[in-house]
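See below for upload.cif, which holds mmCIF, C-alpha atoms.
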```
data_target
#
loop_
_atom_site.label_atom_id
_atom_site.label_comp_id
_atom_site.auth_asym_id
_atom_site.auth_seq_id
_atom_site.Cartn_x
_atom_site.Cartn_y
_atom_site.Cartn_z
CA MET Q 70 154.32 45.49 73.69
CA VAL Q 71 150.97 44.80 72.03
CA LYS Q 72 149.93 45.58 68.48
CA LEU Q 73 147.31 48.28 68.00
CA ASP Q 74 144.42 47.00 65.88
CA LYS Q 75 142.59 49.13 63.32
CA LYS Q 76 139.96 50.23 65.83
CA ALA Q 77 142.63 51.49 68.22
CA VAL Q 78 144.58 53.26 65.47
CA ASP Q 79 141.41 54.90 64.13
CA LEU Q 80 140.43 56.08 67.62
CA LEU Q 81 143.90 57.51 68.29
CA LYS Q 82 144.08 59.17 64.88
CA GLY Q 83 140.61 60.70 65.33
CA LYS Q 84 139.88 64.03 67.01
CA ASN Q 85 139.42 62.29 70.36
CA PHE Q 86 140.82 63.22 73.73
CA ALA Q 87 142.96 60.88 75.79
CA PHE Q 88 142.71 60.93 79.56
CA VAL Q 89 146.23 60.24 80.75
CA ALA Q 90 146.89 58.85 84.22
CA THR Q 91 150.31 59.15 85.80
CA ILE Q 92 151.76 58.59 89.26
CA ASN Q 93 152.64 61.48 91.54
CA ARG Q 94 155.79 61.45 93.65
CA ASP Q 95 153.78 60.31 96.71
CA GLY Q 96 152.26 57.40 94.75
CA SER Q 97 148.84 58.99 94.28
CA PRO Q 98 147.22 59.11 90.82
CA GLN Q 99 146.95 62.12 88.51
CA VAL Q 100 144.70 62.37 85.45
CA THR Q 101 144.32 65.02 82.74
CA PRO Q 102 142.99 65.11 79.18
CA VAL Q 103 145.41 65.60 76.31
CA TRP Q 104 145.50 65.55 72.56
CA VAL Q 105 146.77 62.24 71.30
CA ASP Q 106 148.00 60.54 68.15
CA THR Q 107 149.71 57.38 66.97
CA ASP Q 108 152.37 56.39 64.47
CA GLY Q 109 150.50 53.11 64.05
CA SER Q 110 152.29 51.20 66.78
CA LYS Q 111 153.12 53.72 69.54
CA ILE Q 112 150.92 56.28 71.27
CA LEU Q 113 152.09 59.90 70.96
CA VAL Q 114 151.38 62.54 73.59
CA ASN Q 115 152.75 66.08 73.67
CA SER Q 116 153.08 68.28 76.74
CA ALA Q 117 155.26 71.06 78.17
CA LEU Q 118 158.24 70.80 80.50
CA GLY Q 119 157.36 71.64 84.10
CA ARG Q 120 153.83 70.26 84.08
CA VAL Q 121 152.94 67.72 86.75
CA LYS Q 122 152.27 64.87 84.34
CA VAL Q 123 155.59 65.52 82.59
CA LYS Q 124 157.52 65.41 85.86
CA ASN Q 125 155.62 62.26 86.76
CA LEU Q 126 156.35 60.50 83.46
CA LEU Q 127 160.04 61.42 83.58
CA ARG Q 128 160.20 59.86 87.06
CA ASP Q 129 157.95 56.80 86.46
CA SER Q 130 157.39 55.79 82.84
CA ARG Q 131 154.23 53.78 83.58
CA VAL Q 132 151.13 55.39 82.12
CA ALA Q 133 147.48 54.57 81.48
CA LEU Q 134 145.27 56.25 78.89
CA ALA Q 135 141.55 56.08 78.21
CA VAL Q 136 140.30 57.36 74.88
CA SER Q 137 136.62 57.66 74.11
CA ASP Q 138 135.10 58.27 70.72
CA ALA Q 139 133.87 61.87 70.56
CA SER Q 140 130.90 60.72 68.46
CA ASN Q 141 130.01 57.88 70.85
CA PRO Q 142 131.21 58.28 74.44
CA TYR Q 143 130.15 54.71 75.23
CA PHE Q 144 132.84 53.37 72.93
CA PHE Q 145 136.27 53.71 74.40
CA LEU Q 146 139.57 51.94 74.77
CA SER Q 147 141.96 51.96 77.65
CA PHE Q 148 145.67 51.47 77.24
CA ASP Q 149 148.40 50.56 79.69
CA GLY Q 150 151.83 51.51 78.51
CA LYS Q 151 155.23 52.90 79.26
CA VAL Q 152 157.20 55.82 77.90
CA VAL Q 153 160.00 54.42 75.74
CA LYS Q 154 161.29 57.66 74.23
CA THR Q 155 160.98 61.42 74.62
CA TYR Q 156 161.82 64.25 72.25
CA THR Q 157 162.20 67.96 72.91
CA GLY Q 158 163.16 70.74 70.46
CA LYS Q 159 162.09 70.74 66.81
CA LYS Q 160 160.57 67.27 66.80
CA ALA Q 161 158.31 68.08 69.76
CA ASP Q 162 157.51 71.54 68.33
CA ASP Q 163 156.54 70.14 64.93
CA HIS Q 164 154.41 67.51 66.62
CA ILE Q 165 152.38 69.99 68.69
CA ASP Q 166 151.74 71.99 65.50
CA PHE Q 167 150.62 68.78 63.82
CA LEU Q 168 148.24 68.06 66.73
CA SER Q 169 146.99 71.64 66.62
CA PHE Q 170 146.09 71.20 62.96
CA LYS Q 171 144.39 67.89 63.63
CA TYR Q 172 142.26 69.18 66.51
CA THR Q 173 141.69 72.84 65.66
CA GLY Q 174 142.61 73.37 62.00
CA ASN Q 175 145.36 75.81 63.02
CA LYS Q 176 148.71 74.82 61.53
CA LYS Q 177 150.48 76.62 64.36
CA TYR Q 178 149.69 75.69 67.96
CA GLN Q 179 148.00 78.74 69.49
CA GLY Q 180 148.20 77.88 73.19
CA ARG Q 181 151.92 78.20 73.55
CA LYS Q 182 153.54 80.47 76.14
CA PRO Q 183 156.73 82.27 75.01
CA THR Q 184 159.07 80.30 77.29
CA GLU Q 185 157.28 76.97 76.95
CA LYS Q 186 159.40 73.95 75.99
CA ARG Q 187 157.42 71.12 74.44
CA ILE Q 188 158.08 67.45 75.00
CA LEU Q 189 156.85 64.54 72.91
CA PHE Q 190 156.26 61.24 74.69
CA VAL Q 191 156.42 58.01 72.72
CA ILE Q 192 154.41 55.40 74.61
CA GLU Q 193 154.59 51.69 73.96
CA PRO Q 194 151.22 50.04 74.64
CA THR Q 195 151.51 46.97 76.88
CA HIS Q 196 147.78 46.23 77.18
CA VAL Q 197 144.62 47.40 75.40
CA ARG Q 198 141.09 46.92 76.68
CA THR Q 199 137.77 47.52 74.94
CA TRP Q 200 134.73 48.48 77.02
CA MET L 436 138.62 68.68 102.00
CA VAL L 437 137.78 71.48 99.59
CA LYS L 438 134.39 72.97 98.85
CA LEU L 439 132.94 72.31 95.38
CA ASP L 440 131.93 75.57 93.72
CA LYS L 441 128.84 75.93 91.54
CA LYS L 442 130.78 75.18 88.35
CA ALA L 443 132.08 71.91 89.78
CA VAL L 444 128.66 70.89 91.11
CA ASP L 445 127.00 71.68 87.78
CA LEU L 446 129.62 69.69 85.88
CA LEU L 447 129.26 66.68 88.21
CA LYS L 448 125.45 66.85 88.11
CA GLY L 449 125.44 67.07 84.31
CA LYS L 450 125.48 64.10 81.94
CA ASN L 451 129.25 64.16 81.81
CA PHE L 452 131.69 61.29 82.15
CA ALA L 453 134.40 61.18 84.77
CA PHE L 454 137.73 59.58 83.99
CA VAL L 455 138.79 57.95 87.23
CA ALA L 456 142.43 57.16 87.94
CA THR L 457 143.38 54.65 90.59
CA ILE L 458 146.57 52.87 91.63
CA ASN L 459 147.17 49.22 90.76
CA ARG L 460 148.76 46.87 93.27
CA ASP L 461 152.15 47.28 91.56
CA GLY L 462 151.93 51.08 91.81
CA SER L 463 151.08 51.64 88.13
CA PRO L 464 148.12 53.85 87.16
CA GLN L 465 144.71 52.71 85.91
CA VAL L 466 142.09 54.92 84.25
CA THR L 467 138.51 54.27 83.13
CA PRO L 468 135.44 56.40 82.42
CA VAL L 469 132.46 56.20 84.75
CA TRP L 470 129.15 57.89 85.40
CA VAL L 471 129.47 60.40 88.19
CA ASP L 472 127.36 62.54 90.49
CA THR L 473 127.64 64.68 93.59
CA ASP L 474 125.64 65.34 96.74
CA GLY L 475 126.94 68.91 96.62
CA SER L 476 130.09 68.33 98.66
CA LYS L 477 131.28 64.79 97.87
CA ILE L 478 131.83 63.06 94.53
CA LEU L 479 129.78 59.89 93.98
CA VAL L 480 130.95 57.01 91.78
CA ASN L 481 129.26 53.62 91.40
CA SER L 482 130.92 50.42 90.26
CA ALA L 483 130.70 46.65 90.74
CA LEU L 484 132.62 44.44 93.15
CA GLY L 485 135.48 42.59 91.49
CA ARG L 486 136.43 45.28 88.98
CA VAL L 487 140.04 46.44 88.96
CA LYS L 488 139.29 50.01 89.98
CA VAL L 489 137.14 48.77 92.87
CA LYS L 490 139.90 46.50 94.15
CA ASN L 491 142.31 49.39 93.74
CA LEU L 492 140.16 51.88 95.65
CA LEU L 493 139.50 49.42 98.48
CA ARG L 494 143.30 48.98 98.83
CA ASP L 495 144.36 52.63 98.29
CA SER L 496 141.69 55.29 98.78
CA ARG L 497 143.56 57.94 96.78
CA VAL L 498 141.81 58.80 93.54
CA ALA L 499 141.94 61.41 90.77
CA LEU L 500 139.07 62.30 88.44
CA ALA L 501 138.89 64.44 85.33
CA VAL L 502 135.46 65.52 84.14
CA SER L 503 134.95 67.33 80.87
CA ASP L 504 131.81 69.08 79.74
CA ALA L 505 130.11 66.95 77.08
CA SER L 506 129.05 70.12 75.27
CA ASN L 507 132.55 71.66 75.43
CA PRO L 508 135.44 69.20 75.77
CA TYR L 509 137.88 72.08 76.30
CA PHE L 510 136.22 72.89 79.62
CA PHE L 511 137.06 70.38 82.27
CA LEU L 512 137.93 70.07 85.92
CA SER L 513 140.25 67.65 87.61
CA PHE L 514 139.79 66.50 91.18
CA ASP L 515 142.11 64.85 93.63
CA GLY L 516 140.34 63.05 96.41
CA LYS L 517 140.05 60.09 98.68
CA VAL L 518 137.34 57.56 99.31
CA VAL L 519 135.83 58.30 102.72
CA LYS L 520 132.87 55.90 102.63
CA THR L 521 131.53 52.99 100.62
CA TYR L 522 128.03 51.48 100.44
CA THR L 523 126.88 48.18 99.02
CA GLY L 524 123.34 46.68 98.96
CA LYS L 525 120.22 48.80 98.57
CA LYS L 526 121.94 52.18 98.79
CA ALA L 527 124.39 51.27 96.00
CA ASP L 528 121.60 49.63 93.94
CA ASP L 529 119.33 52.67 94.21
CA HIS L 530 122.23 54.91 93.27
CA ILE L 531 123.08 53.03 90.06
CA ASP L 532 119.41 53.21 89.06
CA PHE L 533 119.51 56.94 89.75
CA LEU L 534 122.61 57.28 87.55
CA SER L 535 120.97 55.17 84.86
CA PHE L 536 118.02 57.56 84.81
CA LYS L 537 120.29 60.59 84.68
CA TYR L 538 122.43 59.28 81.81
CA THR L 539 120.03 57.12 79.79
CA GLY L 540 116.48 57.92 80.91
CA ASN L 541 116.01 54.33 82.09
CA LYS L 542 114.86 54.23 85.71
CA LYS L 543 116.36 50.76 86.07
CA TYR L 544 120.04 50.23 85.26
CA GLN L 545 120.14 47.98 82.18
CA GLY L 546 123.77 46.90 82.20
CA ARG L 547 123.63 44.77 85.28
CA LYS L 548 124.70 41.13 85.33
CA PRO L 549 122.61 38.79 87.53
CA THR L 550 125.32 38.19 90.13
CA GLU L 551 126.71 41.72 90.08
CA LYS L 552 127.09 43.49 93.43
CA ARG L 553 127.21 47.26 93.17
CA ILE L 554 129.33 49.53 95.32
CA LEU L 555 128.94 53.26 95.84
CA PHE L 556 132.09 55.26 96.53
CA VAL L 557 131.83 58.54 98.39
CA ILE L 558 134.87 60.64 97.51
CA GLU L 559 135.99 63.68 99.43
CA PRO L 560 137.65 66.19 97.09
CA THR L 561 141.01 67.42 98.39
CA HIS L 562 141.95 69.56 95.40
CA VAL L 563 140.12 70.92 92.34
CA ARG L 564 141.79 72.35 89.25
CA THR L 565 140.25 74.21 86.30
CA TRP L 566 141.93 73.93 82.89
#
```
What is this file in structure tokens?
Amino acid sequence: MVKLDKKAVDLLKGKNFAFVATINRDGSPQVTPVWVDTDGSKILVNSALGRVKVKNLLRDSRVALAVSDASNPYFFLSFDGKVVKTYTGKKADDHIDFLSFKYTGNKKYQGRKPTEKRILFVIEPTHVRTW
Amino acid sequence: MVKLDKKAVDLLKGKNFAFVATINRDGSPQVTPVWVDTDGSKILVNSALGRVKVKNLLRDSRVALAVSDASNPYFFLSFDGKVVKTYTGKKADDHIDFLSFKYTGNKKYQGRKPTEKRILFVIEPTHVRTW
């Protein structure tokens, strides 16, 4: 585990997208953008059960994220990490509402399908690179 | 191979960054942003020999890219693909200058180190997803 410095924390707390890479069952890579946040030491990502990246992360906890500054796309950090904890239920639901507020101003996440079950991934960073 | 529709071509021809995911030697994922372009059917990415993603792609040609629209980060496409050709030398050098012009207005790529050898990856898309 590595410590996130102020620059990393600020970037993760900002309204910036993270591009999350995971490993498919056949070993090929997958990458999608997600909302992101941090508790100061771990990286927090929220998704829905059934999605490819969720299946991938539940099978292989290794993950890479690249986050670029929305106000300066030439400043970005990349993180290697691993999922050390997951939450479903109220904790994941509250967290997606929190992210919704951060990114859109809506206190309730608007993109949710009726049957959707959210999952919160807690990711321990193992390596951080500046570019 | 899948055909790139107009939306995909426009996105790849625009001044948008691609987040490229590759597979490290140990099977873990790697992701970094790059300049990107297309010839209309293939995806074109340019990097320098020695970089992690280059080593990765020369070992395992499977690649995933996510490209979001700089003017609307909620519109993006993700591509699965494989490297079908690489070029070094003049063709790769001309291509990085072309990308430099597209992204920065400089006809000569400014970021180059004296000993750097460029490599152009030609990527055949095998799957495209809209989000």
### Message
Set the distance at 6 Å and use only C-alpha atoms: which residues neighbour Ile112 in chain Q once local chain neighbours fewer than 5 positions away are removed? I'd like the list as a count of residues only.
### Response
3
Closest pair table for chain Q residues within 8 Å of chain L, only C-alpha atoms, as a Markdown table:
```
| residue | atom | partner | partner_atom | distance |
| --- | --- | --- | --- | --- |
| Q:Phe88 | CA | L:Phe454 | CA | 6.8 |
| Q:Val89 | CA | L:Val466 | CA | 7.6 |
| Q:Ala90 | CA | L:Pro464 | CA | 5.9 |
| Q:Thr91 | CA | L:Pro464 | CA | 5.9 |
| Q:Ile92 | CA | L:Pro464 | CA | 6.3 |
| Q:Gly96 | CA | L:Gly462 | CA | 7.0 |
| Q:Ser97 | CA | L:Arg497 | CA | 5.9 |
| Q:Pro98 | CA | L:Ala499 | CA | 5.8 |
| Q:Gln99 | CA | L:Ala499 | CA | 5.5 |
| Q:Val100 | CA | L:Ala499 | CA | 6.1 |
| Q:Thr101 | CA | L:Ala501 | CA | 6.0 |
| Q:Pro102 | CA | L:Ala501 | CA | 7.4 |
| Q:Arg131 | CA | L:Ser463 | CA | 5.9 |
| Q:Val132 | CA | L:Pro464 | CA | 6.1 |
| Q:Ala133 | CA | L:Gln465 | CA | 5.5 |
| Q:Leu134 | CA | L:Val466 | CA | 6.4 |
| Q:Ala135 | CA | L:Thr467 | CA | 6.1 |
| Q:Ser147 | CA | L:Thr467 | CA | 6.9 |
| Q:Asp149 | CA | L:Gln465 | CA | 7.5 |
```
Range 119-131 of chain Q, all listed atoms, 4 Å padding on each side: what axis-aligned box centre and edge lengths in Å to one decimal come out, as lines of an AutoDock Vina configuration file?
```
center_x = 156.2
center_y = 62.7
center_z = 84.8
size_x = 15.9
size_y = 25.9
size_z = 12.5
```
### Message
Could you list, as a PyMOL selection string, every residue within 9 Å of range 175-184 of chain Q, counting only C-alpha atoms and ignoring same-chain residues fewer than 4 positions away?
### Response
chain Q and resi 162-163+165-171
### Query
Any chance you could work out the residue set of the PyMOL selection byres ((chain L and resi 554) around 6) here, as an MDAnalysis selection string?
chainID L and resid 481:483 522:523 527 553 555
Take the selection from the previous step and output its residues with C-alpha atoms, as an mmCIF file, keeping the file's coordinate frame.
```cif
data_model
loop_
_atom_site.group_PDB
_atom_site.id
_atom_site.type_symbol
_atom_site.label_atom_id
_atom_site.label_comp_id
_atom_site.auth_asym_id
_atom_site.auth_seq_id
_atom_site.Cartn_x
_atom_site.Cartn_y
_atom_site.Cartn_z
ATOM 1 C CA ASN L 481 129.260 53.620 91.400
ATOM 2 C CA SER L 482 130.920 50.420 90.260
ATOM 3 C CA ALA L 483 130.700 46.650 90.740
ATOM 4 C CA TYR L 522 128.030 51.480 100.440
ATOM 5 C CA THR L 523 126.880 48.180 99.020
ATOM 6 C CA ALA L 527 124.390 51.270 96.000
ATOM 7 C CA ARG L 553 127.210 47.260 93.170
ATOM 8 C CA LEU L 555 128.940 53.260 95.840
#
```
#### Entry: Two-atom distance - CA of Val153 in chain Q, CA of Met70 in chain Q (Å)
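For CA of Val153 in chain Q relative to CA of Met70 in chain Q, the distance reads 10.8 Å.
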### Query
How many Å lie between CA of Lys488 in chain L and CA of Asp472 in chain L, rounded to one decimal?
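Pair CA of Lys488 in chain L / CA of Asp472 in chain L returns 17.3 Å.
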### Task
Quick one: pull the distance between CA of Ser140 in chain Q and CA of Leu80 in chain Q, Å, one decimal.
10.6 Å
### Query
Between Q:Arg198, Q:Gly109, Q:Arg94, Q:Asp138, which is the closest to Val121 in chain Q once you count all atoms listed in the file?
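Closest candidate: Q:Arg94.
Take the candidates L:Lys477, L:His562, L:Lys552, L:Lys490 and check each one against Gly524 in chain L using all atoms listed in the file; the shortest distance goes to L:Lys552.
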### From Q:Thr155, Q:Lys160, Q:Leu81, Q:Asn141, residue lying nearest Asp108 in chain Q [all atoms listed in the file]
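Residue with the minimum atom-to-atom distance to Asp108 in chain Q: Q:Leu81.
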### Message
Just checking: using all atoms listed in the file, which residue out of Q:Tyr172, Q:Gly119, Q:Lys82, Q:Phe190 ends up closest to Lys154 in chain Q?
### Response
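Smallest separation from Lys154 in chain Q among the options: Q:Phe190.
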### Query
What lies within 10 Å of Lys72 in chain Q using only C-alpha atoms, ignoring chain neighbours under 4 positions off, as a ChimeraX atom specification?
/Q:77-78,109-111,193-197
